[in-house]
Structures are given as C-alpha cells and as structure tokens.
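Peer 1: So here's structure29.txt, just compact mmCIF, C-alpha atoms:
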```
# COMPACT_ATOMS: atom_id res chain seq x y z
CA MET R 1 -18.70 -31.40 -13.96
CA PRO R 2 -21.16 -34.26 -13.30
CA GLU R 3 -23.85 -33.49 -10.72
CA ARG R 4 -22.73 -36.29 -8.40
CA LYS R 5 -19.14 -35.11 -8.40
CA ARG R 6 -20.23 -31.51 -7.78
CA ARG R 7 -22.33 -32.59 -4.77
CA LEU R 8 -19.45 -34.61 -3.41
CA ARG R 9 -17.16 -31.60 -3.66
CA ILE R 10 -19.69 -29.39 -1.88
CA PHE R 11 -20.11 -32.01 0.83
CA LEU R 12 -16.35 -32.36 1.32
CA LEU R 13 -15.91 -28.60 1.45
CA HIS R 14 -18.61 -28.20 4.09
CA ALA R 15 -17.36 -31.16 6.11
CA THR R 16 -13.84 -29.78 6.13
CA LEU R 17 -14.93 -26.25 6.98
CA LEU R 18 -17.35 -27.27 9.72
CA VAL R 19 -14.94 -29.67 11.38
CA GLY R 20 -12.19 -27.07 11.10
CA ILE R 21 -14.32 -24.35 12.65
CA VAL R 22 -15.48 -26.61 15.49
CA PHE R 23 -11.87 -27.63 16.13
CA VAL R 24 -10.57 -24.07 16.16
CA PHE R 25 -13.36 -22.86 18.48
CA SER R 26 -12.98 -25.73 20.92
CA PHE R 27 -9.21 -25.46 20.84
CA PHE R 28 -9.07 -21.77 21.57
CA LEU R 29 -12.14 -21.28 23.76
CA LEU R 30 -12.33 -24.47 25.81
CA SER R 31 -8.63 -25.15 26.12
CA PRO R 32 -7.38 -24.93 29.73
CA ARG R 33 -4.12 -23.31 28.60
CA GLN R 34 -3.40 -19.76 29.59
CA TRP R 35 -1.77 -18.75 26.31
CA ALA R 36 1.01 -16.79 27.99
CA GLY R 37 2.66 -14.24 25.76
CA VAL R 38 6.24 -14.74 24.65
CA ASP R 39 7.09 -11.66 26.71
CA GLU R 40 6.23 -13.68 29.82
CA ALA R 41 7.16 -17.14 28.56
CA VAL R 42 10.51 -16.15 27.06
CA VAL R 43 11.67 -12.56 27.65
CA GLU R 44 10.71 -12.09 31.31
CA LYS R 45 11.44 -15.70 32.23
CA ILE R 46 14.99 -15.67 30.89
CA ALA R 47 15.60 -12.11 32.13
CA GLY R 48 14.40 -13.21 35.58
CA GLU R 49 16.91 -16.06 35.55
CA HIS R 50 19.59 -13.42 35.07
CA GLY R 51 18.32 -11.12 37.80
CA ARG R 52 16.43 -8.63 35.63
CA GLN R 53 12.77 -8.09 36.48
CA ALA R 54 10.20 -6.16 34.44
CA ARG R 55 9.03 -2.95 36.10
CA PRO R 56 5.49 -1.59 35.90
CA SER R 57 5.05 0.73 32.94
CA LEU R 58 4.64 4.50 33.40
CA LEU R 59 0.85 4.36 33.22
CA GLU R 60 0.13 1.09 34.96
CA THR R 61 -3.31 0.05 33.77
CA LYS R 62 -4.73 -3.24 34.90
CA GLY R 63 -7.82 -5.40 34.66
CA ASP R 64 -10.85 -4.03 32.88
CA ALA R 65 -9.32 -0.57 32.44
CA LEU R 66 -6.63 -2.15 30.26
CA LEU R 67 -9.34 -4.00 28.35
CA LEU R 68 -11.11 -0.70 27.76
CA ILE R 69 -7.93 0.95 26.50
CA PHE R 70 -7.27 -1.96 24.15
CA LEU R 71 -10.86 -1.72 22.94
CA LEU R 72 -10.48 2.01 22.28
CA ALA R 73 -7.15 1.44 20.54
CA GLY R 74 -8.79 -1.23 18.36
CA VAL R 75 -11.69 1.06 17.49
CA VAL R 76 -9.44 4.04 16.65
CA GLY R 77 -7.01 1.84 14.69
CA GLY R 78 -9.88 0.12 12.87
CA PHE R 79 -11.57 3.41 11.95
CA ALA R 80 -8.26 4.88 10.78
CA ALA R 81 -7.45 1.80 8.68
CA GLY R 82 -10.96 1.72 7.18
CA TYR R 83 -10.98 5.47 6.47
CA HIS R 84 -7.64 5.39 4.67
CA TRP R 85 -8.50 2.18 2.81
CA LYS R 86 -11.64 3.87 1.54
CA ALA R 87 -9.61 6.93 0.53
CA LEU R 88 -7.19 4.69 -1.36
CA THR R 89 -9.68 2.44 -3.10
CA GLY R 90 -12.82 4.60 -3.32
CA VAL R 91 -12.20 5.52 -6.97
CA LYS R 92 -10.72 3.01 -9.34
CA ARG R 93 -7.73 4.47 -11.18
CA GLY R 94 -5.45 3.26 -13.90
CA PRO R 95 -1.66 3.39 -13.80
CA ASN R 96 -1.56 6.39 -16.12
CA ASP R 97 -4.05 8.52 -14.15
CA GLU R 98 -2.78 11.51 -12.25
CA ARG R 99 -4.28 12.24 -8.83
CA MET E 100 -18.09 -1.88 3.65
CA PRO E 101 -14.45 -2.79 4.37
CA PHE E 102 -14.50 0.10 6.84
CA ILE E 103 -17.34 -1.48 8.83
CA ALA E 104 -15.96 -5.00 8.47
CA ILE E 105 -12.49 -4.05 9.72
CA THR E 106 -13.94 -2.11 12.64
CA PHE E 107 -16.14 -4.99 13.79
CA LEU E 108 -13.32 -7.49 13.31
CA LEU E 109 -11.05 -5.41 15.47
CA LEU E 110 -13.73 -4.91 18.10
CA ALA E 111 -14.22 -8.65 18.26
CA LEU E 112 -10.54 -9.35 18.58
CA THR E 113 -9.57 -6.62 21.00
CA THR E 114 -7.96 -8.02 24.11
CA PRO E 115 -4.85 -7.14 26.12
CA ALA E 116 -1.95 -8.31 24.04
CA HIS E 117 0.98 -10.45 24.96
CA ALA E 118 3.93 -8.85 23.32
CA MET E 119 7.32 -9.81 22.08
CA HIS E 120 8.53 -6.33 22.97
CA ILE E 121 11.13 -6.03 25.71
CA ALA E 122 9.27 -4.77 28.77
CA GLU E 123 10.13 -1.82 30.99
CA GLY E 124 13.13 -2.41 33.24
CA ILE E 125 14.43 -5.57 31.59
CA LEU E 126 17.47 -3.91 30.02
CA PRO E 127 20.11 -2.12 32.12
CA PHE E 128 20.26 1.66 31.58
CA SER E 129 23.49 1.56 29.57
CA TRP E 130 22.05 -0.90 27.04
CA ALA E 131 18.72 0.90 26.86
CA ALA E 132 20.59 4.16 26.15
CA LEU E 133 22.71 2.50 23.48
CA TRP E 134 19.66 1.25 21.60
CA PHE E 135 18.11 4.72 21.81
CA ALA E 136 21.29 6.13 20.28
CA VAL E 137 21.17 3.53 17.50
CA ALA E 138 17.48 4.17 16.76
CA VAL E 139 17.43 7.98 16.71
CA PRO E 140 19.40 8.55 13.44
CA PHE E 141 17.15 6.10 11.59
CA LEU E 142 14.11 7.85 12.98
CA ALA E 143 15.46 11.24 11.85
CA LEU E 144 16.15 9.88 8.35
CA GLY E 145 12.67 8.36 8.29
CA LEU E 146 11.04 11.69 9.21
CA ARG E 147 13.03 13.43 6.48
CA ARG E 148 11.96 10.80 3.92
CA LEU E 149 8.33 11.09 5.04
CA ASN E 150 8.43 14.88 4.59
CA ALA E 151 9.97 14.48 1.16
CA LEU E 152 7.31 11.95 0.14
CA ALA E 153 4.49 14.19 1.38
CA GLN E 154 5.89 17.17 -0.54
CA GLU E 155 6.38 15.17 -3.73
CA ASP E 156 2.96 13.64 -3.83
CA LEU E 157 -0.06 14.13 -1.55
CA SER E 158 -1.64 10.87 -2.72
CA VAL E 159 0.85 8.94 -0.58
CA LYS E 160 -0.77 10.25 2.61
CA PRO E 161 -3.69 7.79 2.73
CA LEU E 162 -1.22 4.94 2.23
CA VAL E 163 0.91 6.17 5.13
CA GLY E 164 -2.23 6.51 7.26
CA LEU E 165 -3.43 3.04 6.33
CA LEU E 166 -0.10 1.39 7.06
CA ALA E 167 0.34 3.27 10.34
CA ALA E 168 -3.05 1.99 11.49
CA VAL E 169 -2.31 -1.53 10.22
CA VAL E 170 1.10 -1.73 11.94
CA PHE E 171 -0.35 -0.36 15.19
CA VAL E 172 -3.31 -2.73 15.22
CA ILE E 173 -1.60 -5.93 14.14
CA SER E 174 1.31 -5.38 16.49
CA CYS E 175 -1.31 -5.27 19.29
CA LEU E 176 -3.04 -8.41 18.11
CA PRO E 177 -2.23 -11.52 20.15
CA VAL E 178 -2.30 -14.66 18.05
CA PRO E 179 -2.38 -17.96 19.97
CA VAL E 180 0.01 -20.53 18.57
CA PRO E 181 -1.33 -24.01 19.36
CA THR E 182 2.01 -25.74 18.77
CA ALA E 183 3.63 -23.67 21.50
CA GLY E 184 0.71 -22.88 23.84
CA THR E 185 1.78 -19.23 23.79
CA CYS E 186 0.67 -16.00 22.17
CA SER E 187 2.56 -13.44 20.19
CA HIS E 188 1.81 -10.95 17.47
CA PRO E 189 2.87 -10.15 13.93
CA CYS E 190 4.88 -6.95 13.43
CA GLY E 191 3.54 -5.46 10.20
CA THR E 192 6.80 -3.70 9.40
CA GLY E 193 7.40 -5.96 6.40
CA ILE E 194 4.37 -4.62 4.56
CA SER E 195 5.06 -0.99 5.51
CA ALA E 196 8.69 -1.30 4.38
CA ILE E 197 7.69 -2.85 1.05
CA LEU E 198 5.12 -0.17 0.28
CA LEU E 199 6.73 2.95 1.76
CA GLY E 200 10.40 2.07 2.11
CA PRO E 201 12.32 1.02 5.23
CA LEU E 202 12.91 4.54 6.58
CA VAL E 203 9.25 5.58 6.63
CA SER E 204 8.48 2.17 8.12
CA VAL E 205 10.80 3.04 11.03
CA VAL E 206 8.72 6.17 11.75
CA ILE E 207 5.49 4.17 11.66
CA ALA E 208 6.91 1.55 14.03
CA ALA E 209 8.24 4.29 16.35
CA VAL E 210 4.78 5.85 16.71
CA ALA E 211 3.08 2.46 17.20
CA LEU E 212 5.61 1.39 19.84
CA LEU E 213 5.38 4.71 21.68
CA ILE E 214 1.58 4.55 21.94
CA GLN E 215 1.75 0.92 23.04
CA ALA E 216 4.40 1.64 25.68
CA LEU E 217 2.53 4.68 27.00
CA PHE E 218 -1.03 3.41 27.14
CA LEU E 219 -1.17 -0.33 26.59
CA ALA E 220 1.50 -1.69 28.97
CA HIS E 221 3.06 -3.19 25.84
CA GLY E 222 6.83 -2.78 25.73
CA GLY E 223 8.33 0.05 27.75
CA LEU E 224 9.48 3.64 27.48
CA SER E 225 13.04 2.83 28.61
CA THR E 226 13.17 -0.07 26.14
CA TRP E 227 11.52 1.87 23.31
CA GLY E 228 14.89 2.28 21.55
CA ALA E 229 15.65 -1.45 21.71
CA ASP E 230 12.14 -2.36 20.54
CA LEU E 231 12.41 0.15 17.69
CA VAL E 232 15.76 -1.26 16.58
CA ALA E 233 14.29 -4.79 16.52
CA MET E 234 10.84 -4.19 15.05
CA GLY E 235 11.28 -0.91 13.21
CA ILE E 236 14.80 -1.02 11.85
CA ALA E 237 15.71 -4.72 11.58
CA GLY E 238 12.18 -5.85 10.62
CA SER E 239 11.75 -3.13 8.00
CA ALA E 240 15.23 -3.55 6.55
CA ALA E 241 14.91 -7.34 6.31
CA GLY E 242 11.46 -7.14 4.71
CA TRP E 243 12.49 -4.48 2.21
CA LEU E 244 15.81 -6.11 1.24
CA VAL E 245 14.27 -9.56 0.81
CA PHE E 246 11.37 -8.19 -1.23
CA ARG E 247 13.60 -6.15 -3.54
CA GLY E 248 16.11 -8.99 -3.84
CA LEU E 249 13.49 -11.55 -4.76
CA ARG E 250 11.77 -9.22 -7.22
CA ALA E 251 15.11 -8.53 -8.87
CA ALA E 252 15.63 -12.29 -9.11
CA GLY E 253 12.29 -12.65 -10.90
CA ALA E 254 10.01 -13.84 -8.09
CA SER E 255 6.29 -13.13 -8.36
CA LEU E 256 4.75 -10.32 -6.34
CA GLY E 257 2.94 -12.73 -4.01
CA MET E 258 5.98 -14.93 -3.40
CA ALA E 259 8.28 -11.97 -2.78
CA GLY E 260 5.71 -10.45 -0.41
CA PHE E 261 5.34 -13.72 1.48
CA VAL E 262 9.07 -14.30 2.00
CA ALA E 263 9.59 -10.62 2.87
CA GLY E 264 6.87 -10.82 5.54
CA VAL E 265 8.47 -13.95 7.01
CA ALA E 266 11.91 -12.32 6.95
CA ALA E 267 10.64 -9.14 8.65
CA ASP E 268 9.03 -11.15 11.45
CA TRP E 269 11.95 -13.49 12.04
CA ALA E 270 14.52 -10.67 11.83
CA THR E 271 12.62 -8.82 14.55
CA TYR E 272 12.86 -11.79 16.90
CA LEU E 273 16.46 -12.48 16.00
CA VAL E 274 17.44 -8.93 16.92
CA THR E 275 15.28 -9.03 20.07
CA SER E 276 17.21 -12.14 21.11
CA LEU E 277 20.55 -10.44 20.53
CA GLU E 278 19.48 -7.29 22.41
CA LEU E 279 18.17 -9.27 25.32
CA ALA E 280 21.24 -11.50 25.52
CA ALA E 281 23.57 -8.50 25.40
CA GLY E 282 21.63 -6.69 28.11
CA ILE E 283 21.09 -9.46 30.66
CA ARG E 284 24.05 -11.78 30.25
CA GLY E 285 26.25 -10.38 33.02
CA ALA E 286 29.39 -12.57 33.04
CA GLU E 287 27.81 -15.31 30.94
CA PRO E 288 29.05 -15.84 27.35
CA PHE E 289 26.96 -13.93 24.80
CA TRP E 290 26.32 -16.41 21.97
CA PRO E 291 25.03 -19.40 24.00
CA LEU E 292 22.54 -17.13 25.77
CA ALA E 293 21.47 -15.47 22.51
CA GLY E 294 20.99 -18.92 21.00
CA LYS E 295 18.95 -20.06 24.01
CA ILE E 296 16.63 -17.06 23.73
CA LEU E 297 16.28 -17.47 19.98
CA ILE E 298 15.44 -21.17 20.35
CA ALA E 299 12.84 -20.29 22.99
CA PHE E 300 11.18 -17.95 20.48
CA VAL E 301 11.12 -20.55 17.69
CA PRO E 302 7.96 -22.57 18.59
CA THR E 303 5.87 -19.39 18.66
CA GLN E 304 7.53 -17.31 15.98
CA LEU E 305 8.09 -19.97 13.36
CA PRO E 306 4.36 -20.38 12.58
CA LEU E 307 3.61 -16.74 13.33
CA GLY E 308 6.25 -15.66 10.81
CA LEU E 309 4.48 -17.76 8.17
CA LEU E 310 1.19 -16.08 9.10
CA GLU E 311 2.84 -12.69 8.75
CA GLY E 312 4.19 -13.75 5.36
CA ALA E 313 0.69 -14.69 4.20
CA MET E 314 -0.74 -11.38 5.48
CA THR E 315 2.00 -9.40 3.74
CA ALA E 316 1.55 -11.23 0.44
CA GLY E 317 -2.23 -10.82 0.66
CA MET E 318 -1.98 -7.09 1.25
CA VAL E 319 0.54 -6.51 -1.54
CA LEU E 320 -1.59 -8.51 -3.99
CA LEU E 321 -4.78 -6.74 -2.90
CA LEU E 322 -3.22 -3.31 -3.41
CA SER E 323 -1.77 -4.40 -6.74
CA ARG E 324 -5.31 -5.16 -7.89
CA LYS E 325 -7.00 -2.13 -6.33
CA ARG E 326 -4.34 0.55 -6.84
CA PRO E 327 -1.61 -0.60 -9.22
CA ASP E 328 -0.82 3.04 -10.01
CA LEU E 329 0.18 3.61 -6.40
CA LEU E 330 2.50 0.60 -6.38
CA VAL E 331 4.10 1.85 -9.59
CA LYS E 332 4.54 5.29 -8.01
CA MET E 333 6.18 3.79 -4.93
CA GLY E 334 8.51 1.69 -7.07
CA VAL E 335 7.06 -1.60 -5.82
CA ILE E 336 6.20 -2.86 -9.30
CA PRO E 337 7.36 -1.68 -12.72
CA ARG E 338 4.78 0.04 -14.96
CA ALA E 339 5.19 -2.77 -17.50
CA GLU E 340 3.75 -5.24 -15.00
CA VAL E 341 0.41 -3.46 -14.74
CA PRO E 342 -2.32 -4.85 -17.00
CA ALA E 343 -3.46 -2.33 -19.60
CA HIS E 344 -7.09 -2.41 -18.37
CA ALA E 345 -6.17 -1.71 -14.75
```
Write the structure described by the file as structure tokens, please.
Peer 2:
Amino acid sequence: MPERKRRLRIFLLHATLLVGIVFVFSFFLLSPRQWAGVDEAVVEKIAGEHGRQARPSLLETKGDALLLIFLLAGVVGGFAAGYHWKALTGVKRGPNDER
Amino acid sequence: MPFIAITFLLLALTTPAHAMHIAEGILPFSWAALWFAVAVPFLALGLRRLNALAQEDLSVKPLVGLLAAVVFVISCLPVPVPTAGTCSHPCGTGISAILLGPLVSVVIAAVALLIQALFLAHGGLSTWGADLVAMGIAGSAAGWLVFRGLRAAGASLGMAGFVAGVAADWATYLVTSLELAAGIRGAEPFWPLAGKILIAFVPTQLPLGLLEGAMTAGMVLLLSRKRPDLLVKMGVIPRAEVPAHA
C-alpha cells in the first residue's frame, strides 16, 4: 500500500474513533436524560395503569447500600467468570485430546 | 490477564440495574403461582441434566461455572439505549443454551434470577416463576432452537450464534409481554394489551437484541478458537469442522 494511502487510512481510523468516543462519552455522561429502566418505563407504568403497583422486595436495599451490593455482585461474578475462563483456556487442547 | 480485565471492566460498570424482570407485586397471586408451576418441571429436568453432564464428564464444570457467572453478570448490566432514552439488559440465556443445552440454561437462569431478586432488588420472589419462564425457558429454548435450526440449514457458526442471541433476547421480552398482559388485564381484552406492552418494549429491546446477538456470536466464535474440543463434546459443532491443527 502506498505510504500516502496508508497515512490517510490511519488518519481516518483515528478521526472516526476519536469522534465516536467523544460522542459516546458526551451522550452518556452529559445527557440530562435519566435513562429509566424498561421495568419503570414499561412494566410498572402499564401495570400501574391497570391498578397493579410494584411492592418493595423482601430485602429492600436503597441508595449507596444497593450500589455496594451491585459492586460486590460484579466483583464476585467477574472473579468467577475470570477463574472459569482461565480453567477453560489455560492449556491449549486439540479436539482429540482427552481431559 | 482476561481474569483481571474482566474484573476491572465489571467494577467499572457496576451500577444498580434497571431490569426487564417483572417486579415484586406486579402479578396477582394466581398468575404468579401459575408461572411457578410452569417453571418448576423445567427446573427439575435441568437439574437432572446438569447432574448427568457432571457425571459424564468433569471438564464441563468450568464451562457451567463460566456461563453461570456470565448470565448473572450480563443480566445485571444496564445498557442505555440512546434511541429510546431507556436502559435494559441482555439476558445471556442464548449463549448458555447454545453451549450447555436449554435445560441446563434454565438452571443457570433460575440461580441468577433468585440472587437478583433476593439481594439486588431486581425482579421479585413472587414473580420469580414468571421471570424464569420468560428469561430461562423461553429465552433458552428460542436461542437453542434457532441456533440448531440455522446450523442444520448450513449457516456459519457466527451467523447462527448471532441470530440465536437475538432470538433469545426477543423471545424473553415477547413472553414477558404475554405474562404481564395476562396478569394485569382485568376485564380488558388480552391481545391488544399484550401488543401494547410488546410495542412499548420495541425501542429498547430491538437494538439491545442485536447487541445480545453480537455478544453471543462473539463468545461462540471465541470458544470455537480457544476450545474447539469442548464445543465438539457439547455437540455445538461437528468434529469435521475443527481444523486439524486446533
């Protein structure tokens, strides 16, 4: 590939990626929208119109405590996924190998 | 390295999720009980299949562990959909059904939904049966059937995985719509309400289903490169499809 064409491709790739990243960040971080979940926007809204309201769950966790639980769930889930992925792919095996 | 990368990615993304699951108290008792009754036999069959798999071959265990973690985490992961201004999450049952079969996928979804309902205010205990029927049974069955059907028709692994992931996601929301309409309609006709709920899901779930399709295809292709022997063992690909040097 000619040098000029290669540079143009690199430039276009960077321009696209950078603009894309800036757009995504500004869209998601600076947007004034609340990003309601479909449970609120659809399920609970339509259920409410028909006289059914959501009740608090058994262990009602709110605010930062809920954040902490989600964080812990993410850590445990991430460690479990990583551990098992390593167990699966740690040693490369062929289709005829027996474990 | 993937271990560290996945952990940090999840730490960065962790935030209270907005779910598609039917929340506590939305369904009347009779409907909640019915969905429990529908879900329990599938769960029992799934447990039996899981035991049989574990006894046949211990090497399946890491795959079950990986998919359980993946389904749990990605069904907690809120993804904003700019076209709709709302959030929802992928289900992950398409990939677990493809790799482990639909019955084991029901068990994985049951565990994920139970933990989410108990500790994460995500779904509900009384609606656990309905959520399991939608995400675990319908999602897994749709993903598995579409994948097997497309493979039998000669589709590539990536294409079959993609369409199966989309089908699993959309089937979950279709069944959620039907369950919700049946439970809350009162004297109102069933089909117009079910259609209304389904249409309300479309702006969020249409793009999210495509995302789930891409994730499913990516994971199937990645495993086919890293562990083709395992995919052969699980009947996902025929032995003849594995390159000789793999």
Peer 1: Expressed in Å to a single decimal, how great is the separation between atom CA of R:Pro56 and atom CA of E:Pro288?
Peer 2: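 So the answer is 28.8 Å.
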Peer 1: Choose the residue, out of R:Val76, R:Ala65, R:Val22, R:Ala36, that has the smallest atom-to-atom separation from chain E; count all atoms listed in the file.
Peer 2: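 Of all the options, R:Ala36 lies closest to chain E.
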Peer 1: Under the rule that all atoms listed in the file are counted, which of E:Ala136, E:Met234, E:Leu146, E:Leu198 is the nearest residue to E:Pro327?
Peer 2: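 Among E:Ala136, E:Met234, E:Leu146, E:Leu198, it is E:Leu198 that comes nearest to E:Pro327.
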Peer 1: Using only C-alpha atoms, which residues of chain R come within 8 Å of chain E, and what is the closest atom pair for each, with the distance in Å to one decimal? Give it as a Markdown table, sorted by chain and residue number.
Peer 2:
```
| residue | atom | partner | partner_atom | distance |
| --- | --- | --- | --- | --- |
| R:Phe28 | CA | E:Pro179 | CA | 7.9 |
| R:Arg33 | CA | E:Gly184 | CA | 6.8 |
| R:Gln34 | CA | E:Gly184 | CA | 7.7 |
| R:Trp35 | CA | E:Thr185 | CA | 4.4 |
| R:Ala36 | CA | E:Thr185 | CA | 4.9 |
| R:Gly37 | CA | E:His117 | CA | 4.2 |
| R:Val38 | CA | E:Met119 | CA | 5.7 |
| R:Asp39 | CA | E:Met119 | CA | 5.0 |
| R:Glu40 | CA | E:His117 | CA | 7.8 |
| R:Ala41 | CA | E:Thr185 | CA | 7.5 |
| R:Val42 | CA | E:Ala299 | CA | 6.3 |
| R:Val43 | CA | E:Ile121 | CA | 6.8 |
| R:Glu44 | CA | E:Ile125 | CA | 7.5 |
| R:Ile46 | CA | E:Ile296 | CA | 7.5 |
| R:Ala47 | CA | E:Ile283 | CA | 6.3 |
| R:His50 | CA | E:Ile283 | CA | 6.1 |
| R:Gly51 | CA | E:Ile283 | CA | 7.8 |
| R:Arg52 | CA | E:Ile125 | CA | 5.4 |
| R:Gln53 | CA | E:Ile125 | CA | 5.7 |
| R:Ala54 | CA | E:Gly124 | CA | 4.9 |
| R:Arg55 | CA | E:Gly124 | CA | 5.0 |
| R:Pro56 | CA | E:Glu123 | CA | 6.8 |
| R:Ser57 | CA | E:Ala220 | CA | 5.8 |
| R:Leu58 | CA | E:Leu217 | CA | 6.7 |
| R:Leu59 | CA | E:Phe218 | CA | 6.4 |
| R:Glu60 | CA | E:Ala220 | CA | 6.7 |
| R:Thr61 | CA | E:Ala220 | CA | 7.0 |
| R:Leu66 | CA | E:Pro115 | CA | 6.7 |
| R:Leu67 | CA | E:Pro115 | CA | 5.9 |
| R:Ile69 | CA | E:Leu219 | CA | 6.9 |
| R:Phe70 | CA | E:Pro115 | CA | 6.0 |
| R:Leu71 | CA | E:Thr113 | CA | 5.4 |
| R:Ala73 | CA | E:Val172 | CA | 7.8 |
| R:Gly74 | CA | E:Leu109 | CA | 5.6 |
| R:Val75 | CA | E:Thr106 | CA | 6.2 |
| R:Gly77 | CA | E:Ala168 | CA | 5.1 |
| R:Gly78 | CA | E:Thr106 | CA | 4.6 |
| R:Phe79 | CA | E:Thr106 | CA | 6.0 |
| R:Ala80 | CA | E:Ala168 | CA | 6.0 |
| R:Ala81 | CA | E:Leu165 | CA | 4.8 |
| R:Gly82 | CA | E:Phe102 | CA | 3.9 |
| R:Tyr83 | CA | E:Phe102 | CA | 6.4 |
| R:His84 | CA | E:Pro161 | CA | 5.0 |
| R:Trp85 | CA | E:Leu165 | CA | 6.2 |
| R:Lys86 | CA | E:Phe102 | CA | 7.1 |
| R:Ala87 | CA | E:Pro161 | CA | 6.4 |
| R:Leu88 | CA | E:Pro161 | CA | 6.2 |
| R:Thr89 | CA | E:Lys325 | CA | 6.2 |
| R:Lys92 | CA | E:Lys325 | CA | 7.0 |
| R:Arg93 | CA | E:Arg326 | CA | 6.8 |
| R:Gly94 | CA | E:Ala345 | CA | 5.1 |
| R:Pro95 | CA | E:Asp328 | CA | 3.9 |
| R:Asn96 | CA | E:Asp328 | CA | 7.0 |
| R:Asp97 | CA | E:Asp328 | CA | 7.6 |
| R:Arg99 | CA | E:Ser158 | CA | 6.8 |
```
Peer 1: State, in Å with one decimal place, the distance from atom CA of E:Asn150 to atom CA of E:Val205.
Peer 2: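 Answer for the atom CA of E:Asn150 to atom CA of E:Val205 separation: 13.7 Å.
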